[in-house]
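Reviewing the structure listed below.
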Amino acid sequence: MENFLGLLKIKVLRGFNLAKRDFFSSDPYVIVRMGKQKVKTRAVKRNVNPVWNEELTLSISDPNVPIKIQVYDRDTFTPDDKMGDAEFDIKAFAEPLTMNLQNVPSGTIITKVKPTRKNCIAEESSIIWENGKLIQHMFLRLRNVECGEIELQLNWIAVNKGLFTEFS
């Protein structure tokens with residue numbers, strides 16, 4: 001892979017107050033895309049507050065490419081229904097990887113990402129150095145739908161030390 005920088009583990013934890021697309025509920029699943037990469041969770045039957053708790057992995061070559069989230073309702077006999085989408089940028093998450101964090105105490109907040117009109121983050125999200133790993137926990141507000149949020153956790157997997165020493 002050209003300019004391979006590392007792996008990003010995205011733990012899709014759960015959904016909150018997702019839209020009903022079937023008669024009483026929905027059977028939601030999540031698709032995560034970055035560039036040409038696409039990974040997805042399993043569908044959770046009849047639940048508008050699903051718990052997936054699934055880890056999906058993307059290979060990162062350009063931290064400037066946004067990650068896109070799409071939520072769908074699984075249908076058996078008709079095309080799956082859209083339940084909203086969100087997008088977020090990993091540049092703020094990737095920037096601390098250029099720092100030497102090895103001597104930083106576990107639990108240290110490295111930086112914070114605030115919600116803006118340009119991102120789908122529902123509330124302030126901290127990027128934390130935890131047990132030798134860079135972690136970001138976030139809630140995303142879904143767009144193009146009447147309601148719903150998705151909870152995620154990001155975790156960087158360095159394939160080689162010093163891989164993220166330069167990017168723009």
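In the structure tokens, chains take letters A, B, ... by order of appearance, with residues numbered from 1 within each chain and ligands from 1 in the order shown.
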
Practice item. Would you list the contacts of Glu149 of chain A as JSON, numbers by chain, taking every protein, DNA or RNA residue within 9 Å and counting only C-alpha atoms, but skipping same-chain residues closer than 6 positions in sequence? Key: {"A": [14, 15, 16, 17, 18, 122, 139, 140, 141, 142]}

How would the residues just chosen look if you wrote them out with N, CA, C and O atoms as a PDB file, in the first residue's frame?
ATOM      1  N   ARG A  14     -22.285   1.612  20.065  1.00  0.00           N
ATOM      2  CA  ARG A  14     -23.750   1.518  20.102  1.00  0.00           C
ATOM      3  C   ARG A  14     -24.406   2.692  19.397  1.00  0.00           C
ATOM      4  O   ARG A  14     -23.753   3.683  19.081  1.00  0.00           O
ATOM      5  N   GLY A  15     -25.702   2.570  19.205  1.00  0.00           N
ATOM      6  CA  GLY A  15     -26.516   3.627  18.638  1.00  0.00           C
ATOM      7  C   GLY A  15     -27.541   4.085  19.654  1.00  0.00           C
ATOM      8  O   GLY A  15     -27.939   3.309  20.536  1.00  0.00           O
ATOM      9  N   PHE A  16     -27.956   5.347  19.555  1.00  0.00           N
ATOM     10  CA  PHE A  16     -28.946   5.911  20.466  1.00  0.00           C
ATOM     11  C   PHE A  16     -30.090   6.515  19.685  1.00  0.00           C
ATOM     12  O   PHE A  16     -29.854   7.286  18.756  1.00  0.00           O
ATOM     13  N   ASN A  17     -31.301   6.177  20.057  1.00  0.00           N
ATOM     14  CA  ASN A  17     -32.489   6.827  19.513  1.00  0.00           C
ATOM     15  C   ASN A  17     -32.467   6.865  17.980  1.00  0.00           C
ATOM     16  O   ASN A  17     -32.733   7.900  17.371  1.00  0.00           O
ATOM     17  N   LEU A  18     -32.127   5.734  17.366  1.00  0.00           N
ATOM     18  CA  LEU A  18     -32.102   5.670  15.904  1.00  0.00           C
ATOM     19  C   LEU A  18     -33.521   5.705  15.352  1.00  0.00           C
ATOM     20  O   LEU A  18     -34.483   5.345  16.037  1.00  0.00           O
ATOM     21  N   ALA A 122     -21.172  15.189  18.420  1.00  0.00           N
ATOM     22  CA  ALA A 122     -22.295  15.671  19.215  1.00  0.00           C
ATOM     23  C   ALA A 122     -21.853  16.393  20.486  1.00  0.00           C
ATOM     24  O   ALA A 122     -22.554  17.268  20.974  1.00  0.00           O
ATOM     25  N   PHE A 139     -19.099  10.687  20.201  1.00  0.00           N
ATOM     26  CA  PHE A 139     -20.504  10.510  19.857  1.00  0.00           C
ATOM     27  C   PHE A 139     -20.750  11.322  18.594  1.00  0.00           C
ATOM     28  O   PHE A 139     -20.431  12.506  18.546  1.00  0.00           O
ATOM     29  N   LEU A 140     -21.326  10.684  17.580  1.00  0.00           N
ATOM     30  CA  LEU A 140     -21.621  11.355  16.320  1.00  0.00           C
ATOM     31  C   LEU A 140     -23.122  11.516  16.152  1.00  0.00           C
ATOM     32  O   LEU A 140     -23.879  10.553  16.301  1.00  0.00           O
ATOM     33  N   ARG A 141     -23.549  12.729  15.829  1.00  0.00           N
ATOM     34  CA  ARG A 141     -24.955  12.993  15.539  1.00  0.00           C
ATOM     35  C   ARG A 141     -25.191  12.673  14.064  1.00  0.00           C
ATOM     36  O   ARG A 141     -24.470  13.150  13.187  1.00  0.00           O
ATOM     37  N   LEU A 142     -26.186  11.839  13.789  1.00  0.00           N
ATOM     38  CA  LEU A 142     -26.482  11.453  12.414  1.00  0.00           C
ATOM     39  C   LEU A 142     -27.163  12.598  11.666  1.00  0.00           C
ATOM     40  O   LEU A 142     -27.991  13.315  12.226  1.00  0.00           O
TER      41      LEU A 142
END

Practice item. If you run DSSP over the backbone, which residues in segment 89-160 of chain A end up strand (DSSP E or B)? Put them as an NGL selection string. Key: :A and (108-113 or 121 or 125-130 or 133-141 or 143 or 149-157)

I need the residues from that last selection saved to file as a short mmCIF file (atom, residue, chain, number, x, y, z; two decimals), in the first residue's frame (with N, CA and C atoms), if you can.
data_model
loop_
_atom_site.label_atom_id
_atom_site.label_comp_id
_atom_site.auth_asym_id
_atom_site.auth_seq_id
_atom_site.Cartn_x
_atom_site.Cartn_y
_atom_site.Cartn_z
N THR A 108 -3.59 10.81 30.34
CA THR A 108 -3.37 12.21 30.00
C THR A 108 -4.19 12.60 28.77
N ILE A 109 -4.93 13.70 28.88
CA ILE A 109 -5.66 14.24 27.73
C ILE A 109 -4.66 15.00 26.87
N ILE A 110 -4.49 14.56 25.63
CA ILE A 110 -3.53 15.16 24.71
C ILE A 110 -4.14 16.39 24.04
N THR A 111 -5.37 16.26 23.59
CA THR A 111 -6.09 17.39 22.98
C THR A 111 -7.58 17.08 23.02
N LYS A 112 -8.38 18.08 22.67
CA LYS A 112 -9.83 17.91 22.62
C LYS A 112 -10.36 18.37 21.27
N VAL A 113 -11.41 17.70 20.81
CA VAL A 113 -12.07 18.08 19.56
C VAL A 113 -13.46 18.57 19.94
N ILE A 121 -19.67 15.69 15.33
CA ILE A 121 -19.43 15.35 16.73
C ILE A 121 -20.51 16.00 17.58
N SER A 125 -14.92 15.83 22.46
CA SER A 125 -14.29 14.51 22.43
C SER A 125 -12.81 14.65 22.77
N SER A 126 -12.35 13.93 23.79
CA SER A 126 -10.95 14.00 24.21
C SER A 126 -10.13 12.91 23.54
N ILE A 127 -8.91 13.28 23.15
CA ILE A 127 -7.93 12.32 22.64
C ILE A 127 -6.98 12.06 23.80
N ILE A 128 -6.90 10.81 24.24
CA ILE A 128 -6.23 10.44 25.49
C ILE A 128 -5.11 9.44 25.23
N TRP A 129 -4.02 9.61 25.95
CA TRP A 129 -2.93 8.62 25.95
C TRP A 129 -3.24 7.67 27.10
N GLU A 130 -3.60 6.42 26.76
CA GLU A 130 -4.07 5.44 27.76
C GLU A 130 -3.32 4.13 27.59
N LYS A 133 -1.40 3.72 24.43
CA LYS A 133 -2.18 3.81 23.19
C LYS A 133 -2.87 5.16 23.11
N LEU A 134 -3.05 5.63 21.88
CA LEU A 134 -3.80 6.85 21.63
C LEU A 134 -5.25 6.46 21.37
N ILE A 135 -6.17 7.01 22.17
CA ILE A 135 -7.58 6.62 22.10
C ILE A 135 -8.45 7.88 22.04
N GLN A 136 -9.51 7.81 21.23
CA GLN A 136 -10.50 8.89 21.19
C GLN A 136 -11.88 8.26 21.25
N HIS A 137 -12.68 8.76 22.17
CA HIS A 137 -14.06 8.31 22.34
C HIS A 137 -14.95 9.42 21.80
N MET A 138 -15.94 9.08 20.97
CA MET A 138 -16.78 10.14 20.39
C MET A 138 -18.22 9.69 20.17
N PHE A 139 -19.10 10.69 20.20
CA PHE A 139 -20.50 10.51 19.86
C PHE A 139 -20.75 11.32 18.59
N LEU A 140 -21.33 10.68 17.58
CA LEU A 140 -21.62 11.36 16.32
C LEU A 140 -23.12 11.52 16.15
N ARG A 141 -23.55 12.73 15.83
CA ARG A 141 -24.96 12.99 15.54
C ARG A 141 -25.19 12.67 14.06
N ARG A 143 -26.80 12.74 10.39
CA ARG A 143 -27.39 13.75 9.51
C ARG A 143 -28.41 13.07 8.59
N GLU A 149 -27.86 8.97 17.18
CA GLU A 149 -26.43 9.17 17.41
C GLU A 149 -25.74 7.81 17.44
N ILE A 150 -24.44 7.83 17.14
CA ILE A 150 -23.60 6.63 17.16
C ILE A 150 -22.42 6.91 18.09
N GLU A 151 -22.07 5.94 18.92
CA GLU A 151 -20.92 6.04 19.81
C GLU A 151 -19.78 5.19 19.26
N LEU A 152 -18.59 5.82 19.14
CA LEU A 152 -17.40 5.15 18.60
C LEU A 152 -16.21 5.34 19.53
N GLN A 153 -15.23 4.45 19.37
CA GLN A 153 -13.93 4.65 20.01
C GLN A 153 -12.85 4.37 18.98
N LEU A 154 -11.91 5.29 18.84
CA LEU A 154 -10.81 5.15 17.89
C LEU A 154 -9.56 4.72 18.65
N ASN A 155 -8.75 3.86 18.01
CA ASN A 155 -7.51 3.38 18.60
C ASN A 155 -6.50 3.22 17.47
N TRP A 156 -5.35 3.90 17.58
CA TRP A 156 -4.31 3.82 16.56
C TRP A 156 -3.43 2.60 16.80
N ILE A 157 -3.14 1.85 15.74
CA ILE A 157 -2.23 0.71 15.81
C ILE A 157 -1.02 1.06 14.96
#

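If only C-alpha atoms are the atoms counted, then among A:Asn131, A:Gln37, A:Lys91, A:Arg21 the closest residue to Asn103 of chain A is A:Asn131.
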
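Picture a line from atom CA of Lys68 of chain A to atom CA of Val12 of chain A; it runs 12.8 Å.
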
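Take atom CA of Tyr72 of chain A and atom CA of Phe93 of chain A: the distance between them is 26.6 Å.
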
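Atom CA of Glu55 of chain A is positioned 6.3 Å from atom CA of Lys9 of chain A.
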
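Neighbours of Asp81 of chain A closer than or equal to 12 Å, with only C-alpha atoms counted and sequence neighbours fewer than 6 positions away skipped, come out as Ala19, Lys20, Arg21, Asp22, Ser26, Asp27, Pro28, Tyr29, Val30, Gln70, Val71, Tyr72, Asp73, Arg74, Asp75 and Val145 of chain A.
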
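Counting only C-alpha atoms, the residue from A:Ala158, A:Ile31, A:Ile67, A:Leu8 that sits nearest to Lys82 of chain A is A:Ile31.
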
Practice item. Find, counting only C-alpha atoms, the residue in A:Ile10, A:Val51, A:Ile90, A:Cys120 that gets nearest to Pro63 of chain A. Key: A:Ile90

Exercise for review: Step one, run DSSP on the backbone; step two, keep only residues of chain A assigned to alpha helix (DSSP H); then write them as a PyMOL selection string.
Suggested key: chain A and resi 91-94

Practice item. For Val65 of chain A, please output as a PyMOL selection string all residues within 8 Å (counting only C-alpha atoms; exclusion window: fewer than 6 positions along the same chain). Key: chain A and resi 34-35+89-90
